[in-house]
Amino acid sequence: MQDKTVLITGANDGIGRATAERLARKGAHLVLACRSETKAQRTADQLVEATGNERIDTLPLDLADLSSVRAASELFLAEHPRLDVLINNAGVYCDQLELTRNGYELQFGVNHLGHFLLTLNLIPAMQCTKICGRVINVASAMHSKGGIDFGNLRGERGAKNYNGTRAYAQSKLANVLFTKELDRRHGSELTTNCLHPGVVGTQLANKKGKLFTKTIWSLYKPFARTPETGADTSVYLASSPEVREVSGRYFNPTQCLVKPSPTARNEQLARRLWEYSESAVRDFLL
């Protein structure tokens with residue numbers, strides 16, 4: 001990975017940080033894209049000290065704000081001639097209805113829509129690589145519980161009818177559908193794969209979950225996979241020559257190819273989601 005540039009969203013904590021450290025040890029040039037510039041720089045400094053790899057940069061990115069995603073895309077393209085690997089890792093979970101700055105349900109907006117825009121804006125940089133650039137979307141087995149409710153992506157049904165788990169499953173289904181459709185549309189230019197990292201003991205449910213959710217998650221975390229183990233498949237898809245020409249596929253926590261849910265394999269749904277997402281981000285495309 002010593003001649004590779006890798007951008008990781010949400011790289012200051014959890015699976016993202018563990019992925020960054022593993023790839024830093026492999027010699028990759030890392031760009032840590034995070035909402036908090038302070039946390040991103042602190043993580044970068046810690047990784048330099050831990051790995052001896054000084055090629056670690058930061059990039060301010062708020063996935064809940066499409067104007068921030070556009071600005072981050074412009075800044076990256078201005079400073080980096082190419083992008084070999086894009087790891088769309090950042091994610092959010094919440095129990096109560098919240099909206100992004102652009103008015104979309106928060107989990108859909110952050111977990112899918114922000115990454116959708118970032119990826120499309122950075123395709124030109126991935127086209128500059130000697131070998132196909134790689135896009136890696138961190139999804140979840142929860143996608144199998146989800147559906148895409150096109151009439152509620154802006155929280156139209158209201159806070160009383162909001163189900164955080166259902167919204168999270170919807171956003172993870174969107175990750176898999178996006179992977180499939182990106183491969184269909186751009187498979188000759190780059191490879192795109194997604195993965196389930198396993199149930200990992202991160203801070204995901206502690207940040208915006210209700211007290212009950214936080215309590216249950218805190219009790220369960222000691223039995224969950226560590227972030228370091230949860231990063232295994234992301235690192236594999238980013239660095240292994242075995243998947244150089246593999247695209248449009250879904251991997252489990254042990255790096256095995258598995259079939260996603262029947263809904264996630266619905267080509268018409270994938271195209272409809274792409275068209276909706278493209279319309280939603282049109283004003284922020286480069």
# chains A, B, ... in the order shown; residues from 1 in each chain; ligands from 1

call {"tool": "residues_around", "arguments": {"residues": "A:Ala270", "least_positions_apart": "2", "cutoff": "8 Å", "atoms": "only C-alpha atoms", "output": "count of residues only"}}
result
12

call {"tool": "atom_distance", "arguments": {"atom1": "atom CA of A:His80", "atom2": "atom CA of A:Lys4"}}
result
11.4 Å

call {"tool": "residues_around", "arguments": {"residues": "A:Leu63", "least_positions_apart": "5", "cutoff": "10 Å", "atoms": "only C-alpha atoms", "output": "compact mmCIF listing (two decimals) with all heavy atoms, in the first residue's frame"}}
result
# COMPACT_ATOMS: atom_id res chain seq x y z
N THR A 9 -13.74 7.80 5.83
CA THR A 9 -14.66 8.67 6.57
C THR A 9 -14.86 8.11 7.98
O THR A 9 -14.82 6.90 8.19
CB THR A 9 -16.02 8.79 5.86
OG1 THR A 9 -16.70 7.54 5.88
CG2 THR A 9 -15.84 9.23 4.41
N GLY A 10 -15.06 9.02 8.94
CA GLY A 10 -15.25 8.60 10.32
C GLY A 10 -14.04 7.86 10.88
O GLY A 10 -14.18 6.87 11.59
N ALA A 33 -11.08 11.68 7.00
CA ALA A 33 -12.18 12.61 6.77
C ALA A 33 -13.16 12.53 7.93
O ALA A 33 -13.85 11.53 8.10
CB ALA A 33 -12.88 12.29 5.46
N CYS A 34 -13.23 13.59 8.74
CA CYS A 34 -14.00 13.55 9.99
C CYS A 34 -14.74 14.87 10.20
O CYS A 34 -14.31 15.93 9.73
CB CYS A 34 -13.08 13.31 11.18
SG CYS A 34 -12.00 11.87 11.02
N ARG A 35 -15.84 14.80 10.94
CA ARG A 35 -16.62 15.99 11.25
C ARG A 35 -15.85 16.93 12.17
O ARG A 35 -15.87 18.14 12.00
CB ARG A 35 -17.95 15.59 11.89
CG ARG A 35 -18.91 16.73 12.15
CD ARG A 35 -20.31 16.19 12.44
NE ARG A 35 -20.29 15.28 13.58
CZ ARG A 35 -20.45 15.67 14.84
NH1 ARG A 35 -20.62 16.96 15.12
NH2 ARG A 35 -20.45 14.80 15.82
N SER A 68 -20.93 20.80 2.98
CA SER A 68 -19.66 20.39 3.57
C SER A 68 -19.05 19.25 2.75
O SER A 68 -17.84 19.20 2.55
CB SER A 68 -19.85 19.94 5.02
OG SER A 68 -18.68 19.35 5.54
N VAL A 69 -19.89 18.33 2.28
CA VAL A 69 -19.40 17.22 1.46
C VAL A 69 -18.80 17.76 0.17
O VAL A 69 -17.73 17.34 -0.28
CB VAL A 69 -20.52 16.22 1.15
CG1 VAL A 69 -20.00 15.09 0.25
CG2 VAL A 69 -21.10 15.64 2.43
N ARG A 70 -19.47 18.72 -0.44
CA ARG A 70 -18.94 19.32 -1.67
C ARG A 70 -17.62 20.03 -1.40
O ARG A 70 -16.65 19.89 -2.16
CB ARG A 70 -19.94 20.30 -2.27
CG ARG A 70 -19.42 20.99 -3.55
CD ARG A 70 -20.33 22.09 -4.04
NE ARG A 70 -19.67 22.86 -5.08
CZ ARG A 70 -19.91 22.72 -6.39
NH1 ARG A 70 -20.79 21.83 -6.80
NH2 ARG A 70 -19.27 23.47 -7.27
N ALA A 72 -15.47 19.45 0.99
CA ALA A 72 -14.44 18.45 1.26
C ALA A 72 -13.96 17.82 -0.04
O ALA A 72 -12.76 17.57 -0.22
CB ALA A 72 -14.99 17.37 2.19
N ALA A 90 -18.04 5.97 7.92
CA ALA A 90 -18.75 6.71 8.97
C ALA A 90 -20.22 6.30 9.03
O ALA A 90 -20.84 5.99 8.01
CB ALA A 90 -18.63 8.21 8.73
N GLY A 91 -20.77 6.31 10.23
CA GLY A 91 -22.17 5.97 10.39
C GLY A 91 -22.75 6.56 11.65
O GLY A 91 -22.02 6.92 12.58
N THR A 100 -30.98 16.10 8.70
CA THR A 100 -29.72 16.71 8.30
C THR A 100 -29.96 18.19 8.00
O THR A 100 -31.11 18.66 7.96
CB THR A 100 -29.16 16.05 7.03
OG1 THR A 100 -30.03 16.36 5.92
CG2 THR A 100 -29.07 14.53 7.20
N ARG A 101 -28.91 18.90 7.74
CA ARG A 101 -29.04 20.33 7.42
C ARG A 101 -29.88 20.52 6.15
O ARG A 101 -30.53 21.56 5.98
CB ARG A 101 -27.66 20.95 7.22
CG ARG A 101 -27.69 22.44 6.94
CD ARG A 101 -26.32 23.06 7.01
NE ARG A 101 -26.39 24.50 6.76
CZ ARG A 101 -25.34 25.31 6.80
NH1 ARG A 101 -24.14 24.82 7.08
NH2 ARG A 101 -25.48 26.59 6.55
N LEU A 106 -31.80 11.73 9.42
CA LEU A 106 -30.38 11.78 9.71
C LEU A 106 -29.63 10.52 9.30
O LEU A 106 -28.54 10.59 8.70
CB LEU A 106 -30.15 12.05 11.19
CG LEU A 106 -28.69 12.27 11.60
CD1 LEU A 106 -28.14 13.56 11.01
CD2 LEU A 106 -28.55 12.31 13.13
N GLY A 109 -29.46 10.31 5.61
CA GLY A 109 -28.64 11.40 5.11
C GLY A 109 -27.16 11.19 5.31
O GLY A 109 -26.34 11.45 4.42
N VAL A 110 -26.76 10.71 6.50
CA VAL A 110 -25.36 10.51 6.82
C VAL A 110 -24.84 9.18 6.25
O VAL A 110 -23.82 9.15 5.55
CB VAL A 110 -25.13 10.56 8.34
CG1 VAL A 110 -23.71 10.11 8.70
CG2 VAL A 110 -25.38 11.97 8.86
N ASN A 111 -25.54 8.10 6.58
CA ASN A 111 -25.04 6.78 6.23
C ASN A 111 -25.06 6.51 4.72
O ASN A 111 -24.22 5.77 4.21
CB ASN A 111 -25.85 5.70 6.94
CG ASN A 111 -25.75 5.82 8.45
OD1 ASN A 111 -24.94 6.56 8.98
ND2 ASN A 111 -26.60 5.09 9.16
N HIS A 112 -26.02 7.12 4.03
CA HIS A 112 -26.09 6.90 2.57
C HIS A 112 -25.83 8.17 1.75
O HIS A 112 -24.88 8.22 0.96
CB HIS A 112 -27.45 6.33 2.18
CG HIS A 112 -27.69 6.39 0.70
ND1 HIS A 112 -26.95 5.65 -0.21
CD2 HIS A 112 -28.58 7.13 -0.04
CE1 HIS A 112 -27.36 5.91 -1.43
NE2 HIS A 112 -28.34 6.81 -1.36
N LEU A 113 -26.68 9.19 1.92
CA LEU A 113 -26.70 10.30 0.98
C LEU A 113 -25.38 11.08 0.95
O LEU A 113 -24.88 11.43 -0.12
CB LEU A 113 -27.86 11.23 1.30
CG LEU A 113 -28.41 12.07 0.16
CD1 LEU A 113 -28.84 11.20 -1.01
CD2 LEU A 113 -29.59 12.91 0.66
N GLY A 114 -24.80 11.34 2.14
CA GLY A 114 -23.52 12.05 2.18
C GLY A 114 -22.42 11.27 1.49
O GLY A 114 -21.60 11.81 0.74
N HIS A 115 -22.41 9.95 1.72
CA HIS A 115 -21.40 9.10 1.08
C HIS A 115 -21.65 8.99 -0.42
O HIS A 115 -20.70 8.90 -1.21
CB HIS A 115 -21.41 7.71 1.72
CG HIS A 115 -20.70 7.67 3.04
ND1 HIS A 115 -21.30 7.14 4.17
CD2 HIS A 115 -19.46 8.06 3.41
CE1 HIS A 115 -20.45 7.23 5.19
NE2 HIS A 115 -19.32 7.78 4.74
N PHE A 116 -22.91 8.97 -0.82
CA PHE A 116 -23.25 8.93 -2.24
C PHE A 116 -22.64 10.14 -2.95
O PHE A 116 -21.99 10.01 -3.99
CB PHE A 116 -24.78 8.92 -2.39
CG PHE A 116 -25.28 8.96 -3.81
CD1 PHE A 116 -25.46 7.79 -4.53
CD2 PHE A 116 -25.59 10.18 -4.42
CE1 PHE A 116 -25.94 7.82 -5.84
CE2 PHE A 116 -26.06 10.22 -5.72
CZ PHE A 116 -26.24 9.04 -6.44
N LEU A 117 -22.86 11.33 -2.41
CA LEU A 117 -22.32 12.55 -3.01
C LEU A 117 -20.80 12.55 -3.00
O LEU A 117 -20.16 12.89 -4.01
CB LEU A 117 -22.85 13.77 -2.25
CG LEU A 117 -22.27 15.13 -2.67
CD1 LEU A 117 -22.54 15.41 -4.14
CD2 LEU A 117 -22.82 16.25 -1.78
N LEU A 118 -20.20 12.19 -1.87
CA LEU A 118 -18.74 12.16 -1.78
C LEU A 118 -18.15 11.25 -2.84
O LEU A 118 -17.18 11.61 -3.53
CB LEU A 118 -18.32 11.69 -0.38
CG LEU A 118 -16.81 11.61 -0.13
CD1 LEU A 118 -16.19 13.00 -0.09
CD2 LEU A 118 -16.53 10.87 1.19

call {"tool": "select_by_dssp", "arguments": {"residues": "stretch 50-271 of chain A", "states": "helix (DSSP H, G or I)", "output": "count of residues only"}}
result
108

call {"tool": "residues_around", "arguments": {"residues": "stretch 146-160 of chain A", "least_positions_apart": "6", "cutoff": "6 Å", "atoms": "only C-alpha atoms", "output": "PyMOL selection string"}}
result
chain A and resi 97+103-105+169-170+173

call {"tool": "atom_distance", "arguments": {"atom1": "atom CA of A:Tyr236", "atom2": "atom CA of A:Cys94"}}
result
29.1 Å

call {"tool": "closest_atom_pairs", "arguments": {"of": "stretch 234-263 of chain A", "to": "stretch 127-145 of chain A", "cutoff": "8 Å", "atoms": "only C-alpha atoms", "output": "Markdown table"}}
result
| residue | atom | partner | partner_atom | distance |
| --- | --- | --- | --- | --- |
| A:Ser234 | CA | A:Ile136 | CA | 7.1 |
| A:Leu237 | CA | A:Ile136 | CA | 7.1 |
| A:Ala238 | CA | A:Arg134 | CA | 6.9 |
| A:Arg244 | CA | A:Cys132 | CA | 7.7 |
| A:Pro260 | CA | A:Ser144 | CA | 7.2 |
| A:Ser261 | CA | A:Ser144 | CA | 5.2 |
| A:Thr263 | CA | A:Ser144 | CA | 7.5 |

call {"tool": "atom_distance", "arguments": {"atom1": "atom CA of A:Leu99", "atom2": "atom CA of A:Pro60"}}
result
20.2 Å

call {"tool": "closest_residue", "arguments": {"among": "A:Asn193, A:Thr254, A:Asn89, A:Thr119", "to": "A:Val281", "atoms": "only C-alpha atoms"}}
result
A:Thr119

call {"tool": "closest_residue", "arguments": {"among": "A:Val258, A:Ala174, A:His186, A:Thr179", "to": "A:Tyr276", "atoms": "only C-alpha atoms"}}
result
A:Ala174
